[in-house]
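The structure file final_11.cif is reproduced below (mmCIF, C-alpha atoms and all ligand atoms).
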data_start
#
loop_
_atom_site.label_atom_id
_atom_site.label_comp_id
_atom_site.auth_asym_id
_atom_site.auth_seq_id
_atom_site.Cartn_x
_atom_site.Cartn_y
_atom_site.Cartn_z
CA MET A 1 -41.47 2.68 40.51
CA ILE A 2 -39.03 5.26 39.20
CA LYS A 3 -40.35 7.36 36.33
CA ALA A 4 -38.12 7.19 33.26
CA GLY A 5 -38.19 9.34 30.12
CA VAL A 6 -36.37 8.68 26.85
CA LEU A 7 -34.97 11.56 24.76
CA GLY A 8 -34.50 10.52 21.14
CA ALA A 9 -36.96 7.68 21.74
CA THR A 10 -37.67 7.08 18.04
CA GLY A 11 -34.08 6.31 16.92
CA ALA A 12 -32.04 3.09 16.78
CA VAL A 13 -30.83 3.46 20.38
CA GLY A 14 -34.08 5.07 21.57
CA GLN A 15 -36.01 1.97 20.51
CA ARG A 16 -33.61 -0.20 22.48
CA PHE A 17 -34.24 1.98 25.53
CA VAL A 18 -37.98 1.48 25.13
CA GLU A 19 -37.44 -2.28 24.73
CA PHE A 20 -35.47 -2.38 28.02
CA LEU A 21 -37.75 -0.05 29.96
CA GLN A 22 -41.26 -1.07 28.90
CA ASN A 23 -41.30 -4.12 31.23
CA HIS A 24 -38.57 -3.09 33.66
CA PRO A 25 -39.04 -4.09 37.33
CA TRP A 26 -37.80 -0.73 38.73
CA PHE A 27 -38.52 1.85 35.98
CA GLU A 28 -41.82 2.94 34.52
CA LEU A 29 -41.73 4.55 31.06
CA SER A 30 -43.34 7.94 31.65
CA THR A 31 -42.24 10.12 28.72
CA LEU A 32 -41.12 9.54 25.14
CA ALA A 33 -39.53 12.55 23.48
CA ALA A 34 -37.99 13.21 20.07
CA SER A 35 -37.74 16.03 17.53
CA GLU A 36 -40.57 18.27 16.42
CA ARG A 37 -40.96 15.89 13.43
CA SER A 38 -42.32 13.20 15.77
CA ALA A 39 -43.98 15.39 18.41
CA GLY A 40 -47.74 14.93 18.76
CA LYS A 41 -47.77 11.46 17.14
CA PRO A 42 -48.45 8.16 18.94
CA TYR A 43 -45.10 6.39 19.48
CA ALA A 44 -45.98 3.49 17.14
CA GLU A 45 -46.68 5.96 14.35
CA ALA A 46 -43.66 8.19 15.01
CA THR A 47 -41.33 5.20 14.88
CA LYS A 48 -41.61 2.10 12.78
CA TRP A 49 -40.79 -0.45 15.53
CA ARG A 50 -37.91 -2.50 14.14
CA LEU A 51 -37.10 -4.86 17.00
CA SER A 52 -38.26 -8.44 17.41
CA THR A 53 -39.56 -7.74 20.95
CA PRO A 54 -43.23 -6.69 20.69
CA LEU A 55 -44.08 -3.13 21.68
CA ASN A 56 -46.54 -2.87 24.61
CA ARG A 57 -49.90 -1.46 23.54
CA GLU A 58 -49.84 1.25 26.20
CA VAL A 59 -46.39 2.38 25.05
CA SER A 60 -47.32 2.24 21.37
CA GLU A 61 -50.16 4.69 22.07
CA MET A 62 -48.11 7.16 24.15
CA GLU A 63 -47.87 10.57 22.54
CA VAL A 64 -44.33 11.61 21.65
CA ILE A 65 -43.43 15.05 22.92
CA ASN A 66 -40.84 17.53 21.72
CA VAL A 67 -37.53 17.20 23.60
CA MET A 68 -37.53 20.99 24.07
CA ASP A 69 -40.85 20.85 25.89
CA ILE A 70 -39.14 20.29 29.27
CA LYS A 71 -42.01 21.53 31.40
CA ASN A 72 -44.08 18.57 30.18
CA ILE A 73 -41.45 15.96 30.99
CA ASP A 74 -42.61 13.79 33.86
CA ALA A 75 -39.58 11.75 34.98
CA ASP A 76 -37.14 11.03 37.81
CA ILE A 77 -34.45 10.13 35.25
CA VAL A 78 -34.12 10.75 31.51
CA PHE A 79 -32.17 8.50 29.18
CA SER A 80 -30.64 10.38 26.27
CA ALA A 81 -30.29 8.85 22.81
CA LEU A 82 -29.96 12.17 21.03
CA PRO A 83 -27.42 12.94 18.30
CA SER A 84 -24.37 14.39 20.02
CA ASP A 85 -24.66 17.90 18.54
CA VAL A 86 -28.26 18.16 19.79
CA ALA A 87 -27.45 16.43 23.11
CA TYR A 88 -24.88 19.00 24.23
CA ALA A 89 -27.28 21.85 25.01
CA VAL A 90 -30.36 19.70 25.69
CA GLU A 91 -28.66 17.57 28.35
CA LEU A 92 -27.25 20.67 30.07
CA LYS A 93 -30.74 22.15 30.19
CA TYR A 94 -32.22 18.98 31.70
CA ALA A 95 -29.51 18.74 34.37
CA GLU A 96 -30.02 22.45 35.20
CA GLU A 97 -33.73 21.73 35.59
CA GLY A 98 -32.92 19.02 38.16
CA PHE A 99 -33.15 15.82 36.08
CA VAL A 100 -30.71 12.94 36.33
CA VAL A 101 -29.53 12.48 32.73
CA ALA A 102 -28.13 9.08 31.73
CA SER A 103 -26.59 9.75 28.33
CA ASN A 104 -25.39 7.71 25.40
CA ALA A 105 -24.24 10.72 23.47
CA SER A 106 -20.58 11.72 23.36
CA ALA A 107 -21.26 15.43 24.05
CA HIS A 108 -20.27 15.50 27.76
CA ARG A 109 -18.34 12.22 28.15
CA MET A 110 -14.87 13.67 28.50
CA GLU A 111 -15.68 16.59 30.82
CA ASP A 112 -13.67 16.37 34.07
CA ASP A 113 -16.67 16.24 36.42
CA VAL A 114 -18.85 13.91 34.30
CA PRO A 115 -18.64 10.20 35.15
CA LEU A 116 -18.00 7.94 32.14
CA VAL A 117 -19.04 4.61 33.56
CA ILE A 118 -19.16 0.88 32.86
CA PRO A 119 -20.52 -0.60 36.11
CA GLU A 120 -18.29 -3.69 36.00
CA VAL A 121 -15.19 -1.53 35.43
CA ASN A 122 -15.31 1.81 37.29
CA LYS A 123 -18.42 2.20 39.44
CA GLU A 124 -16.40 4.31 41.91
CA HIS A 125 -16.27 7.12 39.31
CA LEU A 126 -19.93 7.84 40.15
CA GLU A 127 -18.48 9.80 43.10
CA LEU A 128 -17.93 12.57 40.53
CA ILE A 129 -21.67 13.26 40.65
CA ASP A 130 -21.40 15.11 43.98
CA ILE A 131 -18.43 17.09 42.67
CA GLN A 132 -20.38 17.94 39.50
CA LYS A 133 -23.42 19.10 41.47
CA ASP A 134 -21.29 21.28 43.77
CA LYS A 135 -19.30 22.80 40.94
CA ARG A 136 -22.21 23.51 38.62
CA LYS A 137 -24.69 24.44 41.34
CA TRP A 138 -27.45 22.26 39.97
CA ASN A 139 -29.68 19.56 41.45
CA GLY A 140 -29.62 17.32 38.41
CA CYS A 141 -26.57 15.59 36.96
CA ILE A 142 -25.17 14.04 33.80
CA VAL A 143 -23.79 10.50 33.80
CA THR A 144 -22.51 8.98 30.56
CA ASN A 145 -21.69 5.59 29.13
CA PRO A 146 -18.87 5.13 26.62
CA ASN A 147 -18.89 4.85 22.85
CA CYS A 148 -20.18 1.46 21.66
CA SER A 149 -16.79 0.11 20.51
CA THR A 150 -15.01 1.49 23.57
CA ILE A 151 -17.26 -0.43 25.96
CA MET A 152 -16.45 -3.86 24.51
CA MET A 153 -12.71 -3.23 24.40
CA THR A 154 -12.48 -1.62 27.85
CA MET A 155 -14.39 -4.47 29.50
CA ALA A 156 -11.83 -6.88 28.07
CA LEU A 157 -8.87 -4.72 29.12
CA LYS A 158 -9.98 -4.25 32.74
CA PRO A 159 -9.14 -7.80 33.96
CA LEU A 160 -5.71 -7.48 32.30
CA MET A 161 -4.71 -4.21 34.00
CA ARG A 162 -2.64 -5.95 36.66
CA PHE A 163 -0.21 -7.20 33.98
CA GLY A 164 0.67 -3.55 33.26
CA ILE A 165 -0.92 -2.72 29.88
CA ARG A 166 1.53 -0.63 27.92
CA ARG A 167 0.13 -0.45 24.40
CA VAL A 168 -3.09 -1.50 22.60
CA TYR A 169 -3.79 -1.77 18.88
CA VAL A 170 -7.38 -2.37 17.78
CA ALA A 171 -9.13 -2.87 14.42
CA THR A 172 -12.93 -2.76 14.54
CA MET A 173 -15.60 -4.30 12.29
CA GLN A 174 -18.68 -2.27 13.22
CA ALA A 175 -22.33 -3.00 12.46
CA VAL A 176 -24.52 -0.67 10.41
CA SER A 177 -26.96 -0.09 13.31
CA GLY A 178 -24.11 1.82 14.95
CA ALA A 179 -24.76 4.65 12.53
CA GLY A 180 -28.46 4.94 13.43
CA TYR A 181 -31.45 3.99 11.29
CA THR A 182 -30.74 6.42 8.48
CA GLY A 183 -26.98 6.24 8.94
CA VAL A 184 -25.42 4.28 6.06
CA PRO A 185 -27.20 3.92 2.69
CA SER A 186 -27.67 0.26 1.70
CA MET A 187 -26.04 0.97 -1.69
CA ALA A 188 -22.90 2.07 0.16
CA ILE A 189 -22.57 -0.84 2.60
CA LEU A 190 -23.86 -3.97 0.84
CA ASP A 191 -20.99 -5.96 -0.71
CA ASN A 192 -18.62 -3.45 0.85
CA ILE A 193 -16.52 -2.23 3.79
CA ILE A 194 -16.12 1.46 4.64
CA PRO A 195 -12.76 2.08 6.33
CA PHE A 196 -13.81 5.30 8.07
CA ILE A 197 -16.24 6.20 10.88
CA ALA A 198 -16.17 9.87 11.80
CA GLY A 199 -14.75 10.54 15.27
CA GLU A 200 -14.66 6.85 16.24
CA GLU A 201 -10.90 6.31 16.39
CA ARG A 202 -10.38 9.34 18.63
CA LYS A 203 -13.10 8.07 21.01
CA MET A 204 -11.54 4.60 21.18
CA GLU A 205 -8.10 6.08 21.83
CA THR A 206 -9.19 8.46 24.62
CA GLU A 207 -12.30 7.17 26.44
CA PRO A 208 -10.66 3.96 27.83
CA LEU A 209 -7.93 6.08 29.46
CA LYS A 210 -10.54 7.93 31.52
CA ILE A 211 -12.55 4.79 32.35
CA LEU A 212 -9.46 2.83 33.41
CA GLY A 213 -8.10 5.86 35.28
CA GLU A 214 -8.08 6.34 39.06
CA LEU A 215 -10.20 8.81 40.99
CA GLU A 216 -7.69 10.82 43.07
CA ASN A 217 -8.36 14.08 44.92
CA GLU A 218 -11.75 14.56 43.24
CA ARG A 219 -10.45 14.07 39.70
CA ILE A 220 -9.65 11.23 37.33
CA VAL A 221 -6.01 10.52 36.61
CA ASN A 222 -5.99 8.83 33.21
CA ALA A 223 -4.51 5.38 32.74
CA ASN A 224 -1.07 5.51 31.13
CA ILE A 225 -1.75 3.37 28.05
CA SER A 226 -1.08 4.09 24.39
CA ILE A 227 -4.01 3.06 22.17
CA SER A 228 -4.11 3.07 18.37
CA ALA A 229 -7.44 2.30 16.66
CA SER A 230 -8.56 1.69 13.08
CA CYS A 231 -12.36 1.65 12.67
CA HIS A 232 -14.38 0.10 9.82
CA ARG A 233 -18.08 -0.23 8.97
CA VAL A 234 -19.06 -3.71 7.73
CA PRO A 235 -22.35 -5.14 6.38
CA VAL A 236 -23.51 -6.66 9.69
CA LEU A 237 -26.83 -5.51 11.19
CA ASP A 238 -25.97 -5.58 14.93
CA GLY A 239 -22.78 -6.47 16.84
CA HIS A 240 -19.34 -4.87 16.76
CA THR A 241 -16.33 -7.19 16.42
CA GLU A 242 -12.83 -6.02 17.38
CA ALA A 243 -9.38 -7.53 16.80
CA ILE A 244 -7.16 -6.39 19.70
CA TRP A 245 -3.39 -6.61 20.24
CA VAL A 246 -2.11 -5.84 23.76
CA GLU A 247 1.49 -5.30 24.93
CA PHE A 248 2.27 -5.60 28.64
CA ASP A 249 5.03 -4.71 31.10
CA ASP A 250 4.94 -8.32 32.34
CA VAL A 251 5.61 -11.44 30.30
CA VAL A 252 2.08 -12.76 29.69
CA GLU A 253 0.94 -16.06 28.18
CA PRO A 254 -2.50 -16.80 26.64
CA ASP A 255 -3.35 -19.01 29.66
CA ASP A 256 -2.70 -16.05 32.02
CA VAL A 257 -5.15 -13.93 30.04
CA MET A 258 -7.72 -16.74 29.98
CA GLU A 259 -7.40 -17.09 33.76
CA LYS A 260 -7.94 -13.35 34.33
CA PHE A 261 -11.06 -13.36 32.14
CA GLU A 262 -12.41 -16.46 33.89
CA SER A 263 -11.81 -15.13 37.39
CA PHE A 264 -12.92 -11.54 36.70
CA ASP A 265 -14.98 -10.30 39.65
CA HIS A 266 -16.83 -7.05 39.01
CA GLY A 267 -17.99 -6.81 42.62
CA LEU A 268 -21.55 -5.73 41.78
CA GLN A 269 -24.73 -6.78 43.53
CA ASP A 270 -27.42 -8.34 41.36
CA LEU A 271 -29.04 -5.73 39.08
CA PRO A 272 -31.90 -6.41 36.63
CA THR A 273 -29.85 -5.75 33.48
CA LEU A 274 -26.55 -7.24 34.75
CA PRO A 275 -25.96 -10.46 32.78
CA GLU A 276 -24.94 -13.66 34.51
CA ASN A 277 -21.64 -13.47 32.60
CA SER A 278 -20.34 -10.00 31.80
CA ILE A 279 -17.48 -11.63 29.88
CA MET A 280 -17.94 -14.93 28.05
CA ILE A 281 -14.89 -16.81 26.79
CA HIS A 282 -15.31 -18.80 23.58
CA LYS A 283 -12.94 -21.69 22.98
CA ASP A 284 -14.01 -22.59 19.40
CA GLU A 285 -11.55 -21.19 16.88
CA ASP A 286 -14.24 -19.55 14.76
CA ARG A 287 -16.00 -17.63 17.59
CA PRO A 288 -17.19 -15.11 18.57
CA GLN A 289 -19.41 -14.19 15.62
CA PRO A 290 -22.04 -11.41 15.50
CA ARG A 291 -25.00 -13.58 14.43
CA LEU A 292 -24.25 -16.29 16.99
CA ASP A 293 -23.05 -14.31 19.99
CA ARG A 294 -24.39 -10.73 20.03
CA ASP A 295 -27.57 -11.67 21.95
CA LEU A 296 -25.87 -13.56 24.79
CA GLY A 297 -27.07 -12.32 28.17
CA ARG A 298 -29.88 -10.35 26.46
CA GLY A 299 -27.16 -8.54 24.50
CA MET A 300 -25.28 -7.51 27.66
CA THR A 301 -22.55 -10.18 27.59
CA VAL A 302 -19.26 -9.28 25.92
CA SER A 303 -17.65 -12.22 24.13
CA VAL A 304 -13.92 -12.85 23.87
CA GLY A 305 -12.16 -15.53 21.87
CA ARG A 306 -9.08 -16.54 19.88
CA ILE A 307 -6.73 -15.60 22.73
CA ARG A 308 -3.24 -16.21 21.36
CA LYS A 309 0.33 -14.97 21.37
CA SER A 310 1.39 -12.09 19.15
CA GLU A 311 4.90 -10.90 18.42
CA ASN A 312 5.00 -8.54 21.44
CA GLY A 313 2.16 -9.72 23.66
CA ILE A 314 -1.29 -11.19 23.28
CA LYS A 315 -4.01 -10.83 20.64
CA PHE A 316 -7.68 -11.74 20.84
CA ILE A 317 -11.17 -10.99 19.45
CA VAL A 318 -13.93 -9.15 21.30
CA LEU A 319 -17.59 -8.87 20.29
CA GLY A 320 -20.65 -7.17 21.77
CA HIS A 321 -24.10 -5.90 20.82
CA ASN A 322 -23.60 -2.26 19.93
CA THR A 323 -27.09 -0.87 20.56
CA VAL A 324 -27.54 -2.95 23.75
CA ARG A 325 -24.24 -3.38 25.68
CA GLY A 326 -22.78 -0.55 23.62
CA ALA A 327 -25.65 1.89 24.16
CA ALA A 328 -29.12 1.54 25.74
CA GLY A 329 -28.39 -1.49 27.93
CA ALA A 330 -25.21 0.19 29.19
CA SER A 331 -27.15 3.31 30.18
CA VAL A 332 -29.91 1.33 31.87
CA LEU A 333 -27.31 -0.67 33.82
CA ASN A 334 -25.69 2.61 34.95
CA ALA A 335 -29.11 3.84 36.08
CA GLU A 336 -29.80 0.61 38.01
CA LEU A 337 -26.48 1.03 39.79
CA MET A 338 -27.43 4.63 40.64
CA VAL A 339 -30.74 3.43 42.06
CA ASP A 340 -28.89 0.79 44.07
CA MET A 341 -26.54 3.48 45.42
CA GLY A 342 -29.43 5.83 46.27
CA ILE A 343 -28.42 8.44 43.67
CA VAL A 344 -31.71 8.05 41.74
CA LYS A 345 -34.95 7.92 43.70
CA SER A 346 -38.64 8.11 42.86
N1 LIG B 401 -26.39 3.29 17.29
C1 LIG B 401 -25.46 2.90 18.16
O1 LIG B 401 -24.98 1.74 18.14
C2 LIG B 401 -24.96 3.84 19.20
C3 LIG B 401 -24.12 3.33 20.17
C4 LIG B 401 -23.63 4.17 21.18
C5 LIG B 401 -24.01 5.48 21.19
N2 LIG B 401 -24.83 5.99 20.22
C6 LIG B 401 -25.22 7.40 20.32
O2 LIG B 401 -26.62 7.45 20.66
C7 LIG B 401 -27.20 8.62 20.06
C8 LIG B 401 -28.40 8.19 19.19
O3 LIG B 401 -27.93 7.38 18.12
P1 LIG B 401 -28.96 6.61 17.16
O4 LIG B 401 -28.09 5.66 16.41
O5 LIG B 401 -30.11 6.09 17.92
O6 LIG B 401 -29.48 7.83 16.21
P2 LIG B 401 -30.83 7.89 15.33
O7 LIG B 401 -31.33 6.53 14.98
O8 LIG B 401 -30.52 8.83 14.23
O9 LIG B 401 -31.92 8.58 16.32
C9 LIG B 401 -31.81 9.94 16.71
C10 LIG B 401 -32.94 10.32 17.67
O10 LIG B 401 -32.76 11.69 18.07
C11 LIG B 401 -33.91 12.46 17.66
N3 LIG B 401 -33.47 13.77 17.16
C12 LIG B 401 -32.71 14.02 16.05
N4 LIG B 401 -32.54 15.35 15.89
C13 LIG B 401 -33.21 15.94 16.91
C14 LIG B 401 -33.40 17.29 17.29
N5 LIG B 401 -32.89 18.32 16.60
N6 LIG B 401 -34.15 17.55 18.41
C15 LIG B 401 -34.67 16.55 19.13
N7 LIG B 401 -34.53 15.23 18.80
C16 LIG B 401 -33.78 14.93 17.72
C17 LIG B 401 -34.59 11.65 16.58
O11 LIG B 401 -35.96 12.02 16.59
P3 LIG B 401 -36.90 12.03 15.24
O12 LIG B 401 -37.21 10.60 14.93
O13 LIG B 401 -38.07 12.81 15.66
O14 LIG B 401 -36.07 12.67 14.17
C18 LIG B 401 -34.34 10.23 17.08
O15 LIG B 401 -35.25 9.91 18.10
C19 LIG B 401 -26.08 9.32 19.28
O16 LIG B 401 -25.51 10.31 20.10
C20 LIG B 401 -25.10 8.18 19.01
O17 LIG B 401 -23.79 8.65 18.81
C21 LIG B 401 -25.33 5.19 19.23
#
Could you render the structure from this file as structure tokens?
Ligand SMILES: NC(=O)c1ccc[n+]([C@@H]2O[C@H](COP(=O)([O-])OP(=O)(O)OC[C@H]3O[C@@H](n4cnc5c(N)ncnc54)[C@H](OP(=O)(O)O)[C@@H]3O)[C@@H](O)[C@H]2O)c1
Amino acid sequence: MIKAGVLGATGAVGQRFVEFLQNHPWFELSTLAASERSAGKPYAEATKWRLSTPLNREVSEMEVINVMDIKNIDADIVFSALPSDVAYAVELKYAEEGFVVASNASAHRMEDDVPLVIPEVNKEHLELIDIQKDKRKWNGCIVTNPNCSTIMMTMALKPLMRFGIRRVYVATMQAVSGAGYTGVPSMAILDNIIPFIAGEERKMETEPLKILGELENERIVNANISISASCHRVPVLDGHTEAIWVEFDDVVEPDDVMEKFESFDHGLQDLPTLPENSIMIHKDEDRPQPRLDRDLGRGMTVSVGRIRKSENGIKFIVLGHNTVRGAAGASVLNAELMVDMGIVKS
């Protein structure tokens, strides 16, 4: 078994990591770390477990340690669910100390030598790890997964790349869990919509260009697509929904898009967290919906629906589970791919 630690284990994403790792066939949860507020407490006390999956007794009794206490971290890989401002320095320190860091945080995502990976979309970008190690002269490495809204949209754009995507407009309806447990006060979000999420639009407009870019001469050449995003917080617990308009170089009909989604081949071997269907097409007019569709494929399936013509191209709806496919599940899938490729070993 490969020893896995979780940094930020008590938060909304951290709990999802624990849910995925506590019974994982390849990883063994070896360390749970959070801030000094939680350090020294049993995990079940440090975090009020808020998921429907029961917490294993052994895990519930594990003592949480301070993230800064690196010498006591016993792990082959650490999964980071730290706030981005904290993650920047902490993840650097862990990589310098020789750990493989699989991060959810945005702190290092856009650095030239840091892979920003969705396994079904750009697994070849993991080649940046060797370049990163050489350049930074460290034994560890940092590998990141995209922002939660970016993942859903980019998975849907990938099969359509061969039509020549020119321009994308997207409006998001994002769940409250995306802001973390203490993120949005209930008095602000109930009976309401908040048309602003700090930093989100910039992430959605830039991260897909790197992910859909090509690795050439040891660097990523960004995809040449113009993306404009408008991001909104809505009173949904889990599951981000996105309305997407795409303009192409080619003349494209809804049936062409449907065919590309149906025949999408990600080329991956079987991995424990890889869902049977990475993309699920819904044909009912009123789908996908967060309550009905966010848990498909254990939360790892991205749903698409309402594929139709728009004035200059095609429009459709995308939905995915933000703390699973958009965060912890994405990171665990990256780690499984790295194990499969021999990058992570026990
Ligand atoms: N929620 C999502 O849907 C989502 C999706 C994609 C990416 N992300 C990213 O994932 C990360 C975690 O998000 P979240 O929603 O899980 O946040 P959260 O619920 O606020 O949890 C934050 C975690 O970080 C720990 N922490 C906070 N300050 C710390 C410090 N100074 N030193 C050490 N540990 C500290 C907390 O520990 P204590 O409990 O001890 O305070 C807690 O475990 C963020 O970078 C976020 O942008 C979130």
For Met173 in chain A, the nearest of the candidates A:Ala243, A:Ile279, A:Val143, A:Ile73, counting all atoms listed in the file: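 Checking each candidate against Met173 in chain A, we get A:Ala243 as the closest.
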Neighbour residues at most 9 Å from (-10.2, -19.4, 18.7) (only C-alpha atoms) as a ChimeraX atom specification: /A:282-288,305-308,316-317
Keeping only C-alpha atoms, take the residues you just selected and write them out as an mmCIF file, keeping the file's coordinate frame.
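Saved as result23.cif:
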data_model
loop_
_atom_site.group_PDB
_atom_site.id
_atom_site.type_symbol
_atom_site.label_atom_id
_atom_site.label_comp_id
_atom_site.auth_asym_id
_atom_site.auth_seq_id
_atom_site.Cartn_x
_atom_site.Cartn_y
_atom_site.Cartn_z
ATOM 1 C CA HIS A 282 -15.310 -18.800 23.580
ATOM 2 C CA LYS A 283 -12.940 -21.690 22.980
ATOM 3 C CA ASP A 284 -14.010 -22.590 19.400
ATOM 4 C CA GLU A 285 -11.550 -21.190 16.880
ATOM 5 C CA ASP A 286 -14.240 -19.550 14.760
ATOM 6 C CA ARG A 287 -16.000 -17.630 17.590
ATOM 7 C CA PRO A 288 -17.190 -15.110 18.570
ATOM 8 C CA GLY A 305 -12.160 -15.530 21.870
ATOM 9 C CA ARG A 306 -9.080 -16.540 19.880
ATOM 10 C CA ILE A 307 -6.730 -15.600 22.730
ATOM 11 C CA ARG A 308 -3.240 -16.210 21.360
ATOM 12 C CA PHE A 316 -7.680 -11.740 20.840
ATOM 13 C CA ILE A 317 -11.170 -10.990 19.450
#
Show me which residues sit within 6 Å of ligand LIG 401 (chain B) when counting all atoms listed in the file, and put them as a PyMOL selection string. chain A and resi 8-14+34-35+37-38+67+81-84+86+104-105+147-148+177-181+322-323+326-327
Any idea what's packed within 10 Å of Ile220 in chain A, counting all atoms listed in the file, ignoring anything in its chain fewer than 2 positions away? Could you give it as a compact mmCIF listing (two decimals) with C-alpha atoms, in the coordinates of the input?
# COMPACT_ATOMS: atom_id res chain seq x y z
CA ASP A 112 -13.67 16.37 34.07
CA ASP A 113 -16.67 16.24 36.42
CA PRO A 115 -18.64 10.20 35.15
CA HIS A 125 -16.27 7.12 39.31
CA LEU A 128 -17.93 12.57 40.53
CA LEU A 209 -7.93 6.08 29.46
CA LYS A 210 -10.54 7.93 31.52
CA ILE A 211 -12.55 4.79 32.35
CA LEU A 212 -9.46 2.83 33.41
CA GLY A 213 -8.10 5.86 35.28
CA GLU A 214 -8.08 6.34 39.06
CA LEU A 215 -10.20 8.81 40.99
CA GLU A 216 -7.69 10.82 43.07
CA ASN A 217 -8.36 14.08 44.92
CA GLU A 218 -11.75 14.56 43.24
CA ASN A 222 -5.99 8.83 33.21
CA ALA A 223 -4.51 5.38 32.74
Polymer residues at most 9 Å from range 29-31 of chain A, all atoms listed in the file, same-chain spacing of 5 or more positions, as a PyMOL selection string: chain A and resi 2-7+18+21-24+59+62-65+72-75+78
Write out, as a compact mmCIF listing (two decimals), keeping the file's coordinate frame, the residues just selected, with C-alpha atoms.
# COMPACT_ATOMS: atom_id res chain seq x y z
CA ILE A 2 -39.03 5.26 39.20
CA LYS A 3 -40.35 7.36 36.33
CA ALA A 4 -38.12 7.19 33.26
CA GLY A 5 -38.19 9.34 30.12
CA VAL A 6 -36.37 8.68 26.85
CA LEU A 7 -34.97 11.56 24.76
CA VAL A 18 -37.98 1.48 25.13
CA LEU A 21 -37.75 -0.05 29.96
CA GLN A 22 -41.26 -1.07 28.90
CA ASN A 23 -41.30 -4.12 31.23
CA HIS A 24 -38.57 -3.09 33.66
CA VAL A 59 -46.39 2.38 25.05
CA MET A 62 -48.11 7.16 24.15
CA GLU A 63 -47.87 10.57 22.54
CA VAL A 64 -44.33 11.61 21.65
CA ILE A 65 -43.43 15.05 22.92
CA ASN A 72 -44.08 18.57 30.18
CA ILE A 73 -41.45 15.96 30.99
CA ASP A 74 -42.61 13.79 33.86
CA ALA A 75 -39.58 11.75 34.98
CA VAL A 78 -34.12 10.75 31.51
Could you produce a table of the residues of range 225-269 of chain A lying within 9 Å of range 155-163 of chain A, with the nearest pair of atoms per residue and their separation in Å rounded to one decimal, using only C-alpha atoms, ordered by chain and increasing residue number, as a tab-separated table?
residue	atom	partner	partner_atom	distance
A:Val246	CA	A:Leu157	CA	8.7
A:Phe248	CA	A:Phe163	CA	6.1
A:Asp249	CA	A:Phe163	CA	6.5
A:Asp250	CA	A:Phe163	CA	5.5
A:Val251	CA	A:Phe163	CA	8.1
A:Val252	CA	A:Phe163	CA	7.4
A:Val257	CA	A:Leu160	CA	6.9
A:Lys260	CA	A:Pro159	CA	5.7
A:Phe261	CA	A:Pro159	CA	6.2
A:Ser263	CA	A:Pro159	CA	8.5
A:Phe264	CA	A:Pro159	CA	6.0
A:Asp265	CA	A:Pro159	CA	8.5
Between A:Glu124, A:Asp76, A:Glu19, A:Asp191, which has the minimum distance to Asn139 in chain A (counting only C-alpha atoms)? A:Asp76
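Using all atoms listed in the file for every distance, the candidate list A:Leu237, A:Met153, A:Met341, A:Trp138 yields A:Leu237 as the residue closest to Gly183 in chain A.
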For CA of Ile244 in chain A and CA of Leu274 in chain A, quote the distance in Å rounded to one decimal. 24.6 Å
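Of note, CA of Trp49 in chain A and CA of Ala328 in chain A are spaced 15.6 Å apart.
With all atoms listed in the file taken into account, the protein and nucleic acid residues at most 8 Å from Trp245 in chain A (excluding it and anything under 4 positions from it in its own chain) are Val168, Tyr169, Val170, Ser310, Gly313, Ile314, Lys315 and Phe316 of chain A.
The smallest atom-to-atom distance between Ala102 in chain A and any of A:Gly299, A:Asp340, A:Ala330, A:Asp256, using all atoms listed in the file, is found for A:Ala330.
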So, with all atoms listed in the file as the atoms that count, which of A:Asp85, A:Asp69, A:Glu91, A:Asp295 lies closest to Pro275 in chain A? A:Asp295
Close residues, range 192-206 of chain A itself excluded, 8 Å, only C-alpha atoms, min 4 positions apart in chain, as a list in words: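 That gives Asn147, Ser149, Thr150, Ala188, Lys210, Ser226, Ile227, Ser228, Ala229, Ser230, Cys231, His232, Arg233, Val234 and Pro235 of chain A.
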Neighbours of point (-27.6, 25.0, 36.5) within 8 Å, using only C-alpha atoms, written as an MDAnalysis selection string: chainID A and resid 92:93 95:97 136:139
Go ahead and write the selection's residues with C-alpha atoms as a PDB file, in the frame of the given file.
ATOM      1  CA  LEU A  92     -27.250  20.670  30.070  1.00  0.00           C
ATOM      2  CA  LYS A  93     -30.740  22.150  30.190  1.00  0.00           C
ATOM      3  CA  ALA A  95     -29.510  18.740  34.370  1.00  0.00           C
ATOM      4  CA  GLU A  96     -30.020  22.450  35.200  1.00  0.00           C
ATOM      5  CA  GLU A  97     -33.730  21.730  35.590  1.00  0.00           C
ATOM      6  CA  ARG A 136     -22.210  23.510  38.620  1.00  0.00           C
ATOM      7  CA  LYS A 137     -24.690  24.440  41.340  1.00  0.00           C
ATOM      8  CA  TRP A 138     -27.450  22.260  39.970  1.00  0.00           C
ATOM      9  CA  ASN A 139     -29.680  19.560  41.450  1.00  0.00           C
TER      10      ASN A 139
END
